[in-house]
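Trainee: Have a look at this one.
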Amino acid sequence: MTTTSTPPTTTGPVAEPPDEPFLTRFRTPAAFLLGAVLLVGVAPLVLSDFRLGLLAKYLCYGIVAIGVSLAWGRGGLLVLGQGVFFGLGGYAMAMHLKLADAAATGQTLPDFMQLYGTEGGLPWWWQPFADPAFALAMTVLLPMAVAALLGVLVFRRRVKGAYFAILSQALAAALAIWLVGQQTTTGGTNGLTDFQGFFGYDLSDPVNRRMVYLVIAVALLLLMAGARQLFVSRYGELLIAVRDSEERVRFLGYNPANVKLVAYVVAAGVAGLAGALFVPAVGIISPALIGIVPSIGFVIGAAVGGRASLVGAVLGAIAVAWAQSTLSDAWPAGWTYLQGLLFVVAVGFLPGGLASLRTVLRRRRTTDGVRTTKEVTT
């Protein structure tokens with residue numbers, strides 16, 4: 001005697017079929033290729049020199065967001081002091097450009113030092129930056145060295161959370177205050193500006209300024225490609241594990257302090273490179289660009305776009321920078337409040353940023369479908 005059994009009926013919604021392997025495999029390269037075409041091929045053709053210069057500025061903020069996505073989005077480190085590393089890279093590049101401009105006119109001192117009457121000649125810590133190779137190396141290595149020193153002191157003592165955020169923000173405030181006080185050697189509140197050349201190229205030439213934009217765009221694309229490989233590597237998975245359960249990672253034999261230190265140092269190097277590229281693109285670096293408010297702005301951009309998503313963080317940083325340039329002119333007194341409101345909304349109501357909006361809506365539809373099915377069955 002044979003019996004037949006009827007298959008059980010499902011009460012929940014049928015799951016959507018997974019994406020095809022072909023589409024999954026080539027989705028990221030296709031998106032990267034599209035971004036490269038838009039940034040390198042389309043933008044220089046359709047944008048004016050002024051708009052292209054603004055886009056170059058925004059892309060520098062996007063580069064900073066790559067490091068923020070690594071340290072905060074993947075590692076859970078709320079880095080509120082990225083302005084420090086951005087400024088160190090920017091000042092390293094600016095010092096070299098100032099010395100190169102002075103040498104081109106047969107002078108030994110930059111123009112602002114001659115104006116302020118700096119005594120004793122060129123300061124000793126300025127002299128090595130006359131070498132272009134040294135200056136380029138310092139734009140990345142100096143921020144990384146400062147981050148490594150701070151990271152060792154902080155992470156080895158298991159300082160985390162709000163305490164780490166406050167320490168990093170205090171470092172940004174301290175650097176800005178120090179720069180303001182060094183009027184004769186750093187330009188004080190005015191900073192360093194009025195650069196004439198960039199490694200032998202005249203920055204007043206629109207063709208050369210477009211070349212600077214292309215350098216920034218290519219740097220952004222390469223850093224995004226490298227960061228993505230780091231995200232999907234074994235270290236990227238370990239960094240997420242440290243963020244979610246630090247004690248379990250320590251129990252498995254890894255040192256969470258070293259894992260977080262690597263992310264923090266890499267993020268600092270990326271921010272330093274962004275600051276170095278910012279200088280020829282915008283033509284200025286000053287304490288107002290590296291203090292507490294700019295550091296918070298870097299984090300807000302990544303939070304709005306989606307700090308855990310590399311593309312979301314970069315697009316969010318670019319969008320917030322564009323909004324700041326656009327709205328601050330029409331509403332200068334209220335932009336700071338709007339910036340804070342964006343951060344509160346992103347953290348409190350959409351922690352994953354705009355990049356997670358699709359997932360949130362899909363989850364809500366699934367929940368509503370399950371609730372409707374339960375009501376029908378009951």
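By order of appearance in the structure tokens: chains A, B, ..., then residues from 1 within every chain, and ligands from 1 in the order shown.
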Give me, as a PyMOL selection string, all polymer residues having an atom no more than 9 Å from Ala217 (chain A), counting only C-alpha atoms and skipping those fewer than 6 positions away in the same chain.
Mentor: chain A and resi 36+39-40+56+59-60
Trainee: Take the residues that were just selected and, keeping N, CA, C and O atoms, output them as a compact mmCIF listing (two decimals), in the first residue's frame.
Mentor:
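For reference, part31.txt as written:
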```txt
# COMPACT_ATOMS: atom_id res chain seq x y z
N ALA A 36 34.56 55.43 -14.52
CA ALA A 36 35.76 55.92 -15.20
C ALA A 36 35.41 56.70 -16.46
O ALA A 36 36.00 57.75 -16.74
N LEU A 39 33.91 60.15 -15.32
CA LEU A 39 34.85 61.08 -14.70
C LEU A 39 35.95 61.51 -15.67
O LEU A 39 36.33 62.69 -15.71
N VAL A 40 36.49 60.55 -16.41
CA VAL A 40 37.65 60.84 -17.25
C VAL A 40 37.25 61.26 -18.66
O VAL A 40 37.91 62.11 -19.27
N ALA A 56 36.75 68.72 -9.16
CA ALA A 56 38.03 68.24 -8.63
C ALA A 56 38.08 68.39 -7.11
O ALA A 56 38.56 67.50 -6.39
N LEU A 59 35.90 65.70 -5.60
CA LEU A 59 36.51 64.38 -5.69
C LEU A 59 37.57 64.18 -4.60
O LEU A 59 37.77 63.06 -4.12
N CYS A 60 38.23 65.27 -4.20
CA CYS A 60 39.18 65.17 -3.09
C CYS A 60 38.46 64.76 -1.81
O CYS A 60 38.97 63.93 -1.03
```
Trainee: Using only C-alpha atoms, what does the table of region 106-150 of chain A residues within 10 Å of region 168-186 of chain A look like, with each row giving the shortest atom pair and its distance in Å to one decimal, sorted by chain and ascending number, as a tab-separated table?
Mentor:
```
residue	atom	partner	partner_atom	distance
A:Pro110	CA	A:Thr185	CA	9.6
A:Phe112	CA	A:Thr184	CA	7.6
A:Met113	CA	A:Thr184	CA	5.9
A:Gln114	CA	A:Thr184	CA	9.1
A:Leu115	CA	A:Thr184	CA	8.9
A:Tyr116	CA	A:Thr184	CA	6.0
A:Gly117	CA	A:Thr184	CA	7.7
A:Thr118	CA	A:Thr184	CA	6.0
A:Glu119	CA	A:Thr184	CA	9.1
A:Leu122	CA	A:Thr185	CA	8.8
A:Pro123	CA	A:Thr185	CA	7.5
A:Trp125	CA	A:Thr185	CA	9.9
A:Trp126	CA	A:Thr185	CA	8.7
A:Ala147	CA	A:Ser168	CA	9.6
A:Leu150	CA	A:Ser168	CA	8.7
```
Trainee: Using the chain letters and numbers from this document, which residues of region 116-358 of chain A does DSSP assign to helix (DSSP H, G or I), as a PDB file with C-alpha atoms, in the first residue's frame?
Mentor:
```
ATOM      1  CA  TYR A 116      56.127  88.909   7.378  1.00  0.00           C
ATOM      2  CA  GLN A 127      64.184  72.873   3.852  1.00  0.00           C
ATOM      3  CA  PRO A 128      63.629  69.150   3.039  1.00  0.00           C
ATOM      4  CA  PHE A 129      60.349  69.979   1.274  1.00  0.00           C
ATOM      5  CA  ALA A 130      62.283  71.618  -1.541  1.00  0.00           C
ATOM      6  CA  PRO A 132      59.801  66.981  -4.803  1.00  0.00           C
ATOM      7  CA  ALA A 133      60.315  63.288  -4.016  1.00  0.00           C
ATOM      8  CA  PHE A 134      60.521  64.001  -0.277  1.00  0.00           C
ATOM      9  CA  ALA A 135      57.461  66.254  -0.393  1.00  0.00           C
ATOM     10  CA  LEU A 136      55.395  63.662  -2.280  1.00  0.00           C
ATOM     11  CA  ALA A 137      56.399  60.950   0.161  1.00  0.00           C
ATOM     12  CA  MET A 138      55.559  63.127   3.164  1.00  0.00           C
ATOM     13  CA  THR A 139      52.043  63.847   1.899  1.00  0.00           C
ATOM     14  CA  VAL A 140      51.245  60.210   2.694  1.00  0.00           C
ATOM     15  CA  LEU A 141      53.908  59.052   5.163  1.00  0.00           C
ATOM     16  CA  LEU A 142      53.602  61.984   7.582  1.00  0.00           C
ATOM     17  CA  PRO A 143      49.852  61.497   8.188  1.00  0.00           C
ATOM     18  CA  MET A 144      50.385  57.754   8.489  1.00  0.00           C
ATOM     19  CA  ALA A 145      53.168  58.259  11.033  1.00  0.00           C
ATOM     20  CA  VAL A 146      51.020  60.564  13.165  1.00  0.00           C
ATOM     21  CA  ALA A 147      48.111  58.126  12.954  1.00  0.00           C
ATOM     22  CA  ALA A 148      50.372  55.209  13.891  1.00  0.00           C
ATOM     23  CA  LEU A 149      51.672  57.056  16.949  1.00  0.00           C
ATOM     24  CA  LEU A 150      48.195  58.035  18.109  1.00  0.00           C
ATOM     25  CA  GLY A 151      46.763  54.612  17.264  1.00  0.00           C
ATOM     26  CA  VAL A 152      49.382  52.742  19.280  1.00  0.00           C
ATOM     27  CA  LEU A 153      48.706  54.915  22.309  1.00  0.00           C
ATOM     28  CA  VAL A 154      44.923  54.615  21.983  1.00  0.00           C
ATOM     29  CA  PHE A 155      44.221  51.092  20.744  1.00  0.00           C
ATOM     30  CA  ALA A 162      33.044  58.044  22.037  1.00  0.00           C
ATOM     31  CA  TYR A 163      36.384  58.392  23.835  1.00  0.00           C
ATOM     32  CA  PHE A 164      38.307  57.636  20.647  1.00  0.00           C
ATOM     33  CA  ALA A 165      36.128  60.071  18.683  1.00  0.00           C
ATOM     34  CA  ILE A 166      36.759  62.847  21.220  1.00  0.00           C
ATOM     35  CA  LEU A 167      40.527  62.249  21.167  1.00  0.00           C
ATOM     36  CA  SER A 168      40.691  62.377  17.378  1.00  0.00           C
ATOM     37  CA  GLN A 169      38.598  65.551  17.339  1.00  0.00           C
ATOM     38  CA  ALA A 170      40.814  67.158  19.977  1.00  0.00           C
ATOM     39  CA  LEU A 171      43.832  66.436  17.779  1.00  0.00           C
ATOM     40  CA  ALA A 172      42.186  68.307  14.899  1.00  0.00           C
ATOM     41  CA  ALA A 173      41.492  71.296  17.131  1.00  0.00           C
ATOM     42  CA  ALA A 174      45.060  71.295  18.472  1.00  0.00           C
ATOM     43  CA  LEU A 175      46.595  71.253  14.988  1.00  0.00           C
ATOM     44  CA  ALA A 176      44.366  74.091  13.774  1.00  0.00           C
ATOM     45  CA  ILE A 177      45.250  76.214  16.820  1.00  0.00           C
ATOM     46  CA  TRP A 178      48.967  75.537  16.344  1.00  0.00           C
ATOM     47  CA  LEU A 179      48.850  76.513  12.676  1.00  0.00           C
ATOM     48  CA  VAL A 180      47.062  79.765  13.489  1.00  0.00           C
ATOM     49  CA  GLY A 181      49.773  80.666  15.984  1.00  0.00           C
ATOM     50  CA  GLN A 183      52.007  83.211  11.431  1.00  0.00           C
ATOM     51  CA  THR A 184      55.513  83.611  10.031  1.00  0.00           C
ATOM     52  CA  THR A 185      56.099  79.952   9.113  1.00  0.00           C
ATOM     53  CA  THR A 186      52.677  78.573   8.151  1.00  0.00           C
ATOM     54  CA  GLY A 188      48.575  81.662  10.202  1.00  0.00           C
ATOM     55  CA  THR A 189      44.863  82.019   9.568  1.00  0.00           C
ATOM     56  CA  ASN A 190      45.502  82.858   5.910  1.00  0.00           C
ATOM     57  CA  PRO A 206      43.455  75.890 -18.184  1.00  0.00           C
ATOM     58  CA  VAL A 207      45.009  72.870 -19.900  1.00  0.00           C
ATOM     59  CA  ASN A 208      47.206  72.186 -16.885  1.00  0.00           C
ATOM     60  CA  ARG A 209      44.283  72.634 -14.512  1.00  0.00           C
ATOM     61  CA  ARG A 210      42.406  70.008 -16.480  1.00  0.00           C
ATOM     62  CA  MET A 211      45.443  67.781 -16.091  1.00  0.00           C
ATOM     63  CA  VAL A 212      45.224  68.244 -12.312  1.00  0.00           C
ATOM     64  CA  TYR A 213      41.578  67.213 -12.454  1.00  0.00           C
ATOM     65  CA  LEU A 214      42.451  64.061 -14.397  1.00  0.00           C
ATOM     66  CA  VAL A 215      45.133  63.178 -11.853  1.00  0.00           C
ATOM     67  CA  ILE A 216      42.571  63.501  -9.043  1.00  0.00           C
ATOM     68  CA  ALA A 217      39.936  61.479 -10.920  1.00  0.00           C
ATOM     69  CA  VAL A 218      42.369  58.659 -11.708  1.00  0.00           C
ATOM     70  CA  ALA A 219      43.617  58.657  -8.109  1.00  0.00           C
ATOM     71  CA  LEU A 220      40.034  58.339  -6.855  1.00  0.00           C
ATOM     72  CA  LEU A 221      39.305  55.417  -9.174  1.00  0.00           C
ATOM     73  CA  LEU A 222      42.515  53.582  -8.287  1.00  0.00           C
ATOM     74  CA  LEU A 223      41.988  54.070  -4.562  1.00  0.00           C
ATOM     75  CA  MET A 224      38.413  52.801  -4.837  1.00  0.00           C
ATOM     76  CA  ALA A 225      39.629  49.704  -6.670  1.00  0.00           C
ATOM     77  CA  GLY A 226      42.310  49.102  -4.050  1.00  0.00           C
ATOM     78  CA  ALA A 227      39.908  49.700  -1.166  1.00  0.00           C
ATOM     79  CA  ARG A 228      37.393  47.243  -2.591  1.00  0.00           C
ATOM     80  CA  GLN A 229      40.066  44.554  -2.792  1.00  0.00           C
ATOM     81  CA  LEU A 230      40.912  45.295   0.825  1.00  0.00           C
ATOM     82  CA  PHE A 231      37.234  45.076   1.796  1.00  0.00           C
ATOM     83  CA  ARG A 234      40.684  38.251   4.675  1.00  0.00           C
ATOM     84  CA  TYR A 235      41.751  41.387   6.500  1.00  0.00           C
ATOM     85  CA  GLY A 236      38.480  43.067   5.564  1.00  0.00           C
ATOM     86  CA  GLU A 237      36.519  40.207   7.089  1.00  0.00           C
ATOM     87  CA  LEU A 238      38.702  40.325  10.190  1.00  0.00           C
ATOM     88  CA  LEU A 239      38.107  44.078  10.520  1.00  0.00           C
ATOM     89  CA  ILE A 240      34.333  43.525  10.458  1.00  0.00           C
ATOM     90  CA  ALA A 241      34.718  40.795  13.071  1.00  0.00           C
ATOM     91  CA  VAL A 242      36.620  43.203  15.323  1.00  0.00           C
ATOM     92  CA  ARG A 243      33.886  45.789  14.879  1.00  0.00           C
ATOM     93  CA  ASP A 244      31.109  43.340  15.765  1.00  0.00           C
ATOM     94  CA  GLU A 246      36.190  42.358  19.578  1.00  0.00           C
ATOM     95  CA  GLU A 247      36.441  39.920  22.481  1.00  0.00           C
ATOM     96  CA  ARG A 248      35.724  36.912  20.260  1.00  0.00           C
ATOM     97  CA  VAL A 249      38.451  37.967  17.873  1.00  0.00           C
ATOM     98  CA  ARG A 250      40.878  38.272  20.770  1.00  0.00           C
ATOM     99  CA  PHE A 251      39.828  34.805  21.949  1.00  0.00           C
ATOM    100  CA  PRO A 256      42.235  43.672  17.707  1.00  0.00           C
ATOM    101  CA  ALA A 257      44.478  46.663  18.407  1.00  0.00           C
ATOM    102  CA  ASN A 258      46.700  45.816  15.440  1.00  0.00           C
ATOM    103  CA  VAL A 259      43.697  45.230  13.174  1.00  0.00           C
ATOM    104  CA  LYS A 260      42.207  48.626  14.017  1.00  0.00           C
ATOM    105  CA  LEU A 261      45.605  50.298  13.808  1.00  0.00           C
ATOM    106  CA  VAL A 262      46.071  49.209  10.193  1.00  0.00           C
ATOM    107  CA  ALA A 263      42.658  50.594   9.190  1.00  0.00           C
ATOM    108  CA  TYR A 264      43.313  53.882  10.987  1.00  0.00           C
ATOM    109  CA  VAL A 265      46.762  54.330   9.432  1.00  0.00           C
ATOM    110  CA  VAL A 266      45.546  53.514   5.915  1.00  0.00           C
ATOM    111  CA  ALA A 267      42.640  55.952   6.300  1.00  0.00           C
ATOM    112  CA  ALA A 268      45.115  58.632   7.411  1.00  0.00           C
ATOM    113  CA  GLY A 269      47.334  58.033   4.384  1.00  0.00           C
ATOM    114  CA  VAL A 270      44.351  58.284   2.042  1.00  0.00           C
ATOM    115  CA  ALA A 271      43.264  61.557   3.684  1.00  0.00           C
ATOM    116  CA  GLY A 272      46.809  62.923   3.382  1.00  0.00           C
ATOM    117  CA  LEU A 273      46.863  62.147  -0.335  1.00  0.00           C
ATOM    118  CA  ALA A 274      43.484  63.864  -0.722  1.00  0.00           C
ATOM    119  CA  GLY A 275      44.849  66.965   0.998  1.00  0.00           C
ATOM    120  CA  ALA A 276      47.888  66.991  -1.274  1.00  0.00           C
ATOM    121  CA  LEU A 277      45.691  66.832  -4.386  1.00  0.00           C
ATOM    122  CA  PHE A 278      43.339  69.444  -2.936  1.00  0.00           C
ATOM    123  CA  VAL A 279      46.083  72.088  -2.880  1.00  0.00           C
ATOM    124  CA  PRO A 280      46.720  72.422  -6.653  1.00  0.00           C
ATOM    125  CA  ALA A 281      43.021  71.906  -7.417  1.00  0.00           C
ATOM    126  CA  VAL A 282      41.698  74.655  -5.116  1.00  0.00           C
ATOM    127  CA  PRO A 287      43.485  76.003   9.307  1.00  0.00           C
ATOM    128  CA  ALA A 288      39.831  76.653   8.415  1.00  0.00           C
ATOM    129  CA  LEU A 289      39.945  73.620   6.106  1.00  0.00           C
ATOM    130  CA  ILE A 292      36.818  70.325  13.812  1.00  0.00           C
ATOM    131  CA  VAL A 293      34.053  71.442  11.444  1.00  0.00           C
ATOM    132  CA  PRO A 294      35.727  70.104   8.263  1.00  0.00           C
ATOM    133  CA  SER A 295      36.548  66.839  10.062  1.00  0.00           C
ATOM    134  CA  ILE A 296      32.900  66.390  10.987  1.00  0.00           C
ATOM    135  CA  GLY A 297      31.969  67.253   7.403  1.00  0.00           C
ATOM    136  CA  PHE A 298      34.073  64.348   6.106  1.00  0.00           C
ATOM    137  CA  VAL A 299      32.168  61.961   8.364  1.00  0.00           C
ATOM    138  CA  ILE A 300      28.771  63.429   7.485  1.00  0.00           C
ATOM    139  CA  GLY A 301      29.343  62.860   3.782  1.00  0.00           C
ATOM    140  CA  ALA A 302      30.183  59.203   4.331  1.00  0.00           C
ATOM    141  CA  ALA A 303      27.248  58.761   6.736  1.00  0.00           C
ATOM    142  CA  VAL A 304      24.714  60.254   4.347  1.00  0.00           C
ATOM    143  CA  GLY A 305      25.853  58.131   1.431  1.00  0.00           C
ATOM    144  CA  LEU A 310      32.395  52.255  -0.614  1.00  0.00           C
ATOM    145  CA  VAL A 311      30.480  53.761  -3.529  1.00  0.00           C
ATOM    146  CA  GLY A 312      27.835  55.171  -1.196  1.00  0.00           C
ATOM    147  CA  ALA A 313      30.414  56.874   1.011  1.00  0.00           C
ATOM    148  CA  VAL A 314      32.192  58.464  -1.958  1.00  0.00           C
ATOM    149  CA  LEU A 315      28.975  59.658  -3.619  1.00  0.00           C
ATOM    150  CA  GLY A 316      27.671  60.940  -0.290  1.00  0.00           C
ATOM    151  CA  ALA A 317      30.838  62.947   0.316  1.00  0.00           C
ATOM    152  CA  ILE A 318      30.653  64.450  -3.170  1.00  0.00           C
ATOM    153  CA  ALA A 319      26.943  65.265  -2.788  1.00  0.00           C
ATOM    154  CA  VAL A 320      27.372  66.906   0.630  1.00  0.00           C
ATOM    155  CA  ALA A 321      30.347  68.929  -0.632  1.00  0.00           C
ATOM    156  CA  TRP A 322      28.281  70.093  -3.601  1.00  0.00           C
ATOM    157  CA  ALA A 323      25.393  71.005  -1.303  1.00  0.00           C
ATOM    158  CA  GLN A 324      27.738  72.948   0.953  1.00  0.00           C
ATOM    159  CA  SER A 325      29.106  74.985  -1.959  1.00  0.00           C
ATOM    160  CA  THR A 326      25.621  75.615  -3.313  1.00  0.00           C
ATOM    161  CA  LEU A 327      23.604  76.231  -0.158  1.00  0.00           C
ATOM    162  CA  SER A 328      26.225  78.011   1.911  1.00  0.00           C
ATOM    163  CA  ASP A 329      26.209  80.903  -0.548  1.00  0.00           C
ATOM    164  CA  ALA A 330      22.440  81.294  -0.357  1.00  0.00           C
ATOM    165  CA  TRP A 335      24.369  75.543   6.524  1.00  0.00           C
ATOM    166  CA  THR A 336      26.069  74.412   9.740  1.00  0.00           C
ATOM    167  CA  TYR A 337      22.689  73.546  11.273  1.00  0.00           C
ATOM    168  CA  LEU A 338      21.633  71.713   8.129  1.00  0.00           C
ATOM    169  CA  GLN A 339      24.897  69.799   8.160  1.00  0.00           C
ATOM    170  CA  GLY A 340      24.285  68.695  11.727  1.00  0.00           C
ATOM    171  CA  LEU A 341      20.704  67.743  10.884  1.00  0.00           C
ATOM    172  CA  LEU A 342      21.947  65.549   8.031  1.00  0.00           C
ATOM    173  CA  PHE A 343      24.260  63.720  10.430  1.00  0.00           C
ATOM    174  CA  VAL A 344      21.494  63.191  13.008  1.00  0.00           C
ATOM    175  CA  VAL A 345      19.056  61.896  10.388  1.00  0.00           C
ATOM    176  CA  ALA A 346      21.632  59.587   8.835  1.00  0.00           C
ATOM    177  CA  VAL A 347      22.774  58.091  12.135  1.00  0.00           C
ATOM    178  CA  GLY A 348      19.408  58.003  13.887  1.00  0.00           C
ATOM    179  CA  LEU A 354      21.241  56.223   1.246  1.00  0.00           C
ATOM    180  CA  ALA A 355      23.075  53.138   0.011  1.00  0.00           C
ATOM    181  CA  SER A 356      20.918  50.994   2.322  1.00  0.00           C
ATOM    182  CA  LEU A 357      17.612  52.575   1.267  1.00  0.00           C
ATOM    183  CA  ARG A 358      16.877  49.812  -1.257  1.00  0.00           C
TER     184      ARG A 358
END
```
Trainee: Please, which residues of region 164-262 of chain A, numbered as in this document, come out strand (DSSP E or B) from DSSP, as a PyMOL selection string?
Mentor: chain A and resi 192-193+197-198+201-202
Trainee: Store the residues of this selection in a file with all heavy atoms, as a PDB file, in the first residue's frame.
Mentor:
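Result file part_0.pdb:
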```pdb
ATOM      1  N   LEU A 192      48.408  78.845   3.330  1.00  0.00           N
ATOM      2  CA  LEU A 192      49.294  78.947   2.174  1.00  0.00           C
ATOM      3  C   LEU A 192      48.429  78.982   0.920  1.00  0.00           C
ATOM      4  O   LEU A 192      47.572  78.116   0.728  1.00  0.00           O
ATOM      5  CB  LEU A 192      50.258  77.748   2.125  1.00  0.00           C
ATOM      6  CG  LEU A 192      51.143  77.563   3.368  1.00  0.00           C
ATOM      7  CD1 LEU A 192      52.034  76.341   3.199  1.00  0.00           C
ATOM      8  CD2 LEU A 192      51.980  78.802   3.645  1.00  0.00           C
ATOM      9  N   THR A 193      48.689  79.963   0.066  1.00  0.00           N
ATOM     10  CA  THR A 193      47.845  80.146  -1.115  1.00  0.00           C
ATOM     11  C   THR A 193      48.665  80.760  -2.237  1.00  0.00           C
ATOM     12  O   THR A 193      49.878  80.974  -2.110  1.00  0.00           O
ATOM     13  CB  THR A 193      46.640  81.047  -0.779  1.00  0.00           C
ATOM     14  OG1 THR A 193      45.786  81.119  -1.911  1.00  0.00           O
ATOM     15  CG2 THR A 193      47.085  82.418  -0.339  1.00  0.00           C
ATOM     16  N   GLY A 197      52.857  77.249  -9.777  1.00  0.00           N
ATOM     17  CA  GLY A 197      53.203  76.075 -10.569  1.00  0.00           C
ATOM     18  C   GLY A 197      52.934  74.786  -9.827  1.00  0.00           C
ATOM     19  O   GLY A 197      52.749  74.768  -8.606  1.00  0.00           O
ATOM     20  N   PHE A 198      52.914  73.699 -10.595  1.00  0.00           N
ATOM     21  CA  PHE A 198      52.697  72.367 -10.031  1.00  0.00           C
ATOM     22  C   PHE A 198      53.646  71.403 -10.737  1.00  0.00           C
ATOM     23  O   PHE A 198      53.379  70.932 -11.831  1.00  0.00           O
ATOM     24  CB  PHE A 198      51.242  71.935 -10.232  1.00  0.00           C
ATOM     25  CG  PHE A 198      50.919  70.560  -9.686  1.00  0.00           C
ATOM     26  CD1 PHE A 198      50.968  70.315  -8.323  1.00  0.00           C
ATOM     27  CD2 PHE A 198      50.576  69.527 -10.536  1.00  0.00           C
ATOM     28  CE1 PHE A 198      50.682  69.054  -7.818  1.00  0.00           C
ATOM     29  CE2 PHE A 198      50.275  68.265 -10.043  1.00  0.00           C
ATOM     30  CZ  PHE A 198      50.336  68.037  -8.679  1.00  0.00           C
ATOM     31  N   TYR A 201      54.510  72.752 -14.128  1.00  0.00           N
ATOM     32  CA  TYR A 201      53.386  73.149 -14.967  1.00  0.00           C
ATOM     33  C   TYR A 201      52.734  74.410 -14.399  1.00  0.00           C
ATOM     34  O   TYR A 201      52.532  74.524 -13.191  1.00  0.00           O
ATOM     35  CB  TYR A 201      52.351  72.022 -15.057  1.00  0.00           C
ATOM     36  CG  TYR A 201      52.849  70.795 -15.776  1.00  0.00           C
ATOM     37  CD1 TYR A 201      53.425  69.740 -15.072  1.00  0.00           C
ATOM     38  CD2 TYR A 201      52.756  70.695 -17.158  1.00  0.00           C
ATOM     39  CE1 TYR A 201      53.892  68.614 -15.723  1.00  0.00           C
ATOM     40  CE2 TYR A 201      53.213  69.558 -17.823  1.00  0.00           C
ATOM     41  CZ  TYR A 201      53.782  68.527 -17.095  1.00  0.00           C
ATOM     42  OH  TYR A 201      54.239  67.409 -17.748  1.00  0.00           O
ATOM     43  N   ASP A 202      52.385  75.312 -15.275  1.00  0.00           N
ATOM     44  CA  ASP A 202      51.777  76.580 -14.889  1.00  0.00           C
ATOM     45  C   ASP A 202      50.313  76.344 -14.544  1.00  0.00           C
ATOM     46  O   ASP A 202      49.520  75.923 -15.395  1.00  0.00           O
ATOM     47  CB  ASP A 202      51.903  77.584 -16.037  1.00  0.00           C
ATOM     48  CG  ASP A 202      51.400  78.960 -15.645  1.00  0.00           C
ATOM     49  OD1 ASP A 202      51.084  79.167 -14.455  1.00  0.00           O
ATOM     50  OD2 ASP A 202      51.324  79.826 -16.542  1.00  0.00           O
TER      51      ASP A 202
END
```
Trainee: Can you work out the spacing between CA of Gly352 (chain A) and CA of Gly67 (chain A) in Å, to one decimal?
Mentor: 16.6 Å
